$ cat work_2.cif   # mmCIF, C-alpha atoms
data_data
loop_
_atom_site.label_atom_id
_atom_site.label_comp_id
_atom_site.auth_asym_id
_atom_site.auth_seq_id
_atom_site.Cartn_x
_atom_site.Cartn_y
_atom_site.Cartn_z
CA MET A 756 0.00 0.00 0.00
CA SER A 757 1.58 3.28 -1.03
CA LEU A 758 0.65 6.93 -1.18
CA LYS A 759 0.08 8.72 -4.46
CA ARG A 760 2.95 11.01 -5.31
CA GLY A 761 2.36 14.71 -4.99
CA ARG A 762 1.68 16.92 -1.99
CA GLU A 763 1.74 14.59 0.97
CA GLY A 764 1.18 15.00 4.65
CA ARG A 765 3.20 13.30 7.34
CA PHE A 766 2.26 10.33 9.50
CA VAL A 767 3.30 10.43 13.17
CA VAL A 768 2.67 7.46 15.47
CA PHE A 769 3.01 6.98 19.23
CA GLU A 770 3.62 3.49 20.61
CA GLY A 771 4.17 2.00 24.04
CA ILE A 772 2.92 -0.50 26.57
CA ASP A 773 -0.23 0.22 28.54
CA GLY A 774 0.31 3.12 30.92
CA SER A 775 3.22 4.56 28.94
CA GLY A 776 1.41 7.79 28.10
CA THR A 777 0.84 7.52 24.36
CA THR A 778 -2.62 9.10 24.62
CA THR A 779 -1.28 11.96 26.73
CA GLN A 780 1.49 12.66 24.21
CA CYS A 781 -0.98 12.61 21.32
CA ARG A 782 -3.10 15.13 23.17
CA MET A 783 -0.15 17.38 24.02
CA LEU A 784 1.19 17.31 20.47
CA SER A 785 -2.26 18.04 19.07
CA GLN A 786 -2.59 21.11 21.29
CA ARG A 787 0.79 22.37 20.20
CA LEU A 788 -0.04 21.82 16.52
CA ARG A 789 -3.34 23.63 17.02
CA ASN A 790 -1.54 26.58 18.61
CA ALA A 791 0.90 26.62 15.70
CA GLY A 792 -1.95 26.72 13.17
CA ARG A 793 -0.88 23.45 11.53
CA ALA A 794 -3.42 21.32 9.63
CA PHE A 795 -3.56 17.98 11.43
CA TRP A 796 -5.79 15.09 12.40
CA THR A 797 -5.51 13.07 15.59
CA THR A 798 -6.74 9.50 15.55
CA SER A 799 -6.20 6.19 17.32
CA GLU A 800 -6.44 2.42 17.05
CA PRO A 801 -8.61 0.52 17.65
CA THR A 802 -10.81 3.02 15.85
CA GLY A 803 -14.32 4.11 16.71
CA GLY A 804 -15.65 2.28 13.64
CA PRO A 805 -17.67 -0.95 13.70
CA ILE A 806 -14.66 -3.27 13.74
CA GLY A 807 -12.89 -1.11 16.28
CA ARG A 808 -15.91 -1.23 18.56
CA VAL A 809 -15.85 -5.03 18.44
CA LEU A 810 -12.16 -4.93 19.34
CA ARG A 811 -12.83 -2.65 22.28
CA ASP A 812 -15.44 -5.11 23.55
CA ILE A 813 -12.86 -7.89 23.27
CA LEU A 814 -10.15 -5.86 25.00
CA SER A 815 -12.53 -4.99 27.83
CA GLY A 816 -13.42 -8.67 28.30
CA ARG A 817 -17.08 -8.17 27.37
CA LEU A 818 -16.61 -10.37 24.30
CA ALA A 819 -14.39 -13.43 23.94
CA ALA A 820 -12.32 -14.18 20.84
CA ALA A 821 -9.37 -16.40 19.96
CA PRO A 822 -5.98 -14.60 19.71
CA GLU A 823 -5.77 -15.27 15.96
CA THR A 824 -9.22 -13.77 15.48
CA VAL A 825 -8.09 -10.66 17.34
CA ALA A 826 -5.05 -10.33 15.08
CA TYR A 827 -7.28 -10.50 11.98
CA LEU A 828 -9.70 -7.97 13.47
CA PHE A 829 -6.93 -5.49 14.18
CA ALA A 830 -5.74 -5.82 10.58
CA ALA A 831 -9.29 -5.31 9.28
CA ASP A 832 -9.82 -2.26 11.48
CA ARG A 833 -6.49 -0.84 10.33
CA SER A 834 -7.38 -1.36 6.68
CA ASP A 835 -10.64 0.51 7.17
CA HIS A 836 -8.81 3.22 9.12
CA LEU A 837 -6.39 3.75 6.25
CA LEU A 838 -8.67 3.37 3.25
CA GLY A 839 -12.08 4.54 4.47
CA ALA A 840 -13.57 7.90 3.55
CA GLY A 841 -11.82 10.62 5.54
CA GLY A 842 -9.24 8.09 6.67
CA VAL A 843 -5.48 8.21 7.02
CA ILE A 844 -4.55 7.84 3.34
CA GLU A 845 -7.03 10.46 2.18
CA ARG A 846 -5.78 12.95 4.75
CA LEU A 847 -2.11 12.32 4.01
CA GLU A 848 -2.71 12.81 0.31
CA ALA A 849 -4.44 16.10 1.14
CA GLY A 850 -1.28 17.26 2.91
CA GLU A 851 -2.43 16.90 6.52
CA LEU A 852 -0.26 15.78 9.38
CA VAL A 853 -1.80 12.64 10.93
CA VAL A 854 -1.07 11.90 14.59
CA CYS A 855 -2.04 8.36 15.59
CA ASP A 856 -2.18 6.76 19.03
CA ARG A 857 -0.97 3.23 18.15
CA TYR A 858 -0.61 1.68 14.73
CA LYS A 859 0.84 -1.47 13.21
CA HIS A 860 3.77 -1.87 15.62
CA SER A 861 1.15 -2.36 18.34
CA SER A 862 -0.11 -5.41 16.48
CA LEU A 863 3.43 -6.67 15.87
CA ALA A 864 4.19 -6.35 19.59
CA TYR A 865 0.89 -7.33 21.23
CA GLN A 866 -0.56 -9.92 18.87
CA SER A 867 2.73 -11.77 18.39
CA VAL A 868 2.78 -12.69 22.08
CA GLU A 869 -0.09 -15.16 21.54
CA ASN A 870 0.20 -15.74 17.78
CA ASP A 871 2.83 -16.78 15.28
CA PRO A 872 4.81 -13.55 14.67
CA LEU A 873 5.00 -14.43 10.97
CA LEU A 874 1.20 -14.43 10.76
CA VAL A 875 0.97 -11.01 12.41
CA ALA A 876 3.74 -9.62 10.21
CA ASP A 877 2.01 -10.91 7.08
CA LEU A 878 -1.32 -9.34 8.09
CA ASN A 879 0.39 -5.95 8.45
CA ARG A 880 2.94 -6.11 5.67
CA ARG A 881 1.10 -3.99 3.11
CA PHE A 882 0.05 -1.18 5.41
CA VAL A 883 1.75 2.15 4.73
CA ASP A 884 4.68 2.99 7.01
CA PRO A 885 4.53 6.05 9.27
CA ASP A 886 7.15 8.76 8.81
CA ILE A 887 8.16 8.60 12.45
CA VAL A 888 7.37 6.39 15.44
CA PHE A 889 7.78 7.63 18.99
CA PHE A 890 8.14 4.66 21.32
CA ILE A 891 7.61 5.73 24.92
CA ASP A 892 9.63 3.12 26.78
CA LEU A 893 8.49 2.25 30.26
CA PRO A 894 9.17 -0.71 32.58
CA ALA A 895 6.09 -2.90 32.86
CA SER A 896 6.11 -2.47 36.64
CA VAL A 897 5.77 1.31 36.28
CA GLY A 898 3.01 0.96 33.70
CA ASP A 899 1.21 -1.42 36.03
CA GLN A 900 1.34 1.11 38.85
CA ARG A 901 -0.04 3.84 36.58
CA ILE A 902 -3.06 1.81 35.50
CA SER A 903 -3.76 0.41 38.96
CA GLY A 904 -6.21 3.24 39.68
CA ARG A 905 -8.43 2.51 36.70
CA PRO A 906 -11.88 1.09 37.53
CA SER A 907 -11.21 -1.99 35.39
CA ARG A 908 -8.42 -3.57 33.40
CA GLU A 909 -8.33 -4.74 29.81
CA ILE A 910 -7.32 -8.29 28.94
CA TYR A 911 -3.72 -7.32 28.07
CA GLU A 912 -3.17 -5.22 31.19
CA LYS A 913 -1.29 -7.90 33.11
CA ILE A 914 2.29 -7.25 34.12
CA ALA A 915 3.72 -10.51 32.73
CA PHE A 916 2.03 -9.89 29.38
CA GLN A 917 3.19 -6.26 29.31
CA GLU A 918 6.77 -7.35 29.97
CA GLN A 919 6.62 -9.55 26.88
CA VAL A 920 5.08 -6.75 24.86
CA ARG A 921 7.82 -4.30 25.90
CA THR A 922 10.52 -6.80 24.94
CA ARG A 923 8.89 -7.36 21.57
CA TYR A 924 8.56 -3.61 20.95
CA LEU A 925 12.25 -3.05 21.64
CA GLU A 926 13.27 -5.94 19.38
CA LEU A 927 11.13 -4.58 16.57
CA LEU A 928 11.99 -0.90 16.84
CA ARG A 929 15.71 -1.23 17.47
CA ASP A 930 15.97 -3.24 14.25
CA GLU A 931 13.57 -1.04 12.26
CA ALA A 932 15.42 0.11 9.13
CA ARG A 933 12.62 1.66 7.07
CA ILE A 934 11.12 4.07 9.60
CA HIS A 935 12.50 6.90 11.71
CA VAL A 936 12.16 5.69 15.31
CA GLU A 937 12.63 7.74 18.48
CA ILE A 938 12.80 5.77 21.73
CA LEU A 939 11.89 8.05 24.66
CA ASP A 940 12.23 7.47 28.38
CA GLY A 941 8.66 7.15 29.64
CA THR A 942 9.69 7.65 33.28
CA THR A 943 10.53 11.32 32.66
CA PRO A 944 7.88 14.05 33.09
CA GLN A 945 5.27 14.25 30.35
CA ALA A 946 6.20 17.85 29.52
CA ALA A 947 9.83 16.84 28.97
CA ILE A 948 8.77 14.00 26.68
CA ALA A 949 6.51 16.37 24.73
CA GLU A 950 9.41 18.78 24.21
CA LYS A 951 11.60 15.97 22.87
CA VAL A 952 8.81 14.97 20.50
CA TRP A 953 8.49 18.54 19.20
CA LEU A 954 12.25 18.88 18.66
CA ALA A 955 12.48 15.49 16.95
CA LEU A 956 9.68 16.41 14.55
CA HIS A 957 11.57 19.55 13.56
CA GLU A 958 14.88 17.71 13.21
CA ALA A 959 13.21 15.11 10.99
CA SER A 960 11.73 17.90 8.81
CA ILE A 961 8.20 16.73 9.60
CA LEU A 962 7.22 20.19 10.87
#
$ encode --input "work_2.cif" --output "structure tokens"
Amino acid sequence: MSLKRGREGRFVVFEGIDGSGTTTQCRMLSQRLRNAGRAFWTTSEPTGGPIGRVLRDILSGRLAAAPETVAYLFAADRSDHLLGAGGVIERLEAGELVVCDRYKHSSLAYQSVENDPLLVADLNRRFVDPDIVFFIDLPASVGDQRISGRPSREIYEKIAFQEQVRTRYLELLRDEARIHVEILDGTTPQAAIAEKVWLALHEASIL
């Protein structure tokens, strides 16, 4: 899957284990882009579409599904997210900057814990690469403390599972040759992380 040549936007993705602060960083970057008068769109996965809503029911534990089914559903939701009307591809081709809370590296990290990594990689192979990925690295024990105050936990929010996910993320992103990756220390204050994100976007000529 590739973008049409011409005036293109840029695709920025935040990744991390649960509790790492990806949603907070998306929100902080969006506010800064808004203040700067930059055309942008903030989105997330799973999406709010029909497949994404099924995934959220599975993640919450309200609906049961086999791990392989979940991997296929994430790929289907991502395809719709990219190709649907008003979706990622359309906005990038219109020159917008797209900021996404989780994308295909989430599937490669999370779904490969319970599935054959080759299956997960194949399901995500054709999806367009982001221009830059910010991985907010955080020990699973710290992430677990951060989410301990939530009224309920999702099915993946178990410390042993999160430790495996973090290891998988680091293996994937340290060896990532096609995409600009920034690994950030998630134990530092959110404002400091946001400043590093802003500087990295400028240094990468994304802003």
$ residues_near_point --input "work_2.cif" --point "(4.4, -0.4, 25.6)" --cutoff "9 Å" --atoms "all atoms listed in the file" --output "ChimeraX atom specification"
/A:770-775,777,861,864-865,890-895,898,917-918,920-922,924
$ atom_distance --input "work_2.cif" --atom1 "atom CA of Ser896 of chain A" --atom2 "atom CA of Ala915 of chain A"
9.3 Å
$ residues_around --input "work_2.cif" --residues "Ala830 of chain A" --least-positions-apart "5" --cutoff "9 Å" --atoms "only C-alpha atoms" --output "JSON, numbers by chain"
{"A": [825, 835, 859, 862, 875, 878, 879]}
$ resolve_selection --input "work_2.cif" --expression "the PyMOL selection byres ((chain A and resi 807) around 12)" --output "JSON, numbers by chain"
{"A": [799, 800, 801, 802, 803, 804, 805, 806, 808, 809, 810, 811, 812, 813, 814, 825, 827, 828, 829, 830, 831, 832, 833, 834, 835, 836]}
$ residues_around --input "work_2.cif" --residues "segment 793-798 of chain A" --least-positions-apart "6" --cutoff "9 Å" --atoms "only C-alpha atoms" --output "MDAnalysis selection string"
chainID A and resid 764 781:782 785 787 843 846 850:857 962
$ closest_residue --input "work_2.cif" --among "A:Ile961, A:Val888, A:Ile910, A:Leu837" --to "Leu939 of chain A" --atoms "only C-alpha atoms"
A:Val888
$ atom_distance --input "work_2.cif" --atom1 "atom CA of Leu818 of chain A" --atom2 "atom CA of Ile902 of chain A"
21.4 Å
$ closest_residue --input "work_2.cif" --among "A:Tyr858, A:Leu956, A:Gly816, A:Thr943" --to "Val768 of chain A" --atoms "only C-alpha atoms"
A:Tyr858
$ residues_near_point --input "work_2.cif" --point "(5.9, -17.4, 27.0)" --cutoff "9 Å" --atoms "all atoms listed in the file" --output "VMD selection string"
chain A and resid 868 to 869 916 919
$ resolve_selection --input "work_2.cif" --expression "the PyMOL selection byres ((chain A and resi 928) around 10)" --output "NGL selection string"
:A and (860 or 864 or 888-890 or 923-927 or 929-932 or 934-938)
$ atom_distance --input "work_2.cif" --atom1 "atom CA of Leu863 of chain A" --atom2 "atom CA of Thr779 of chain A"
22.1 Å
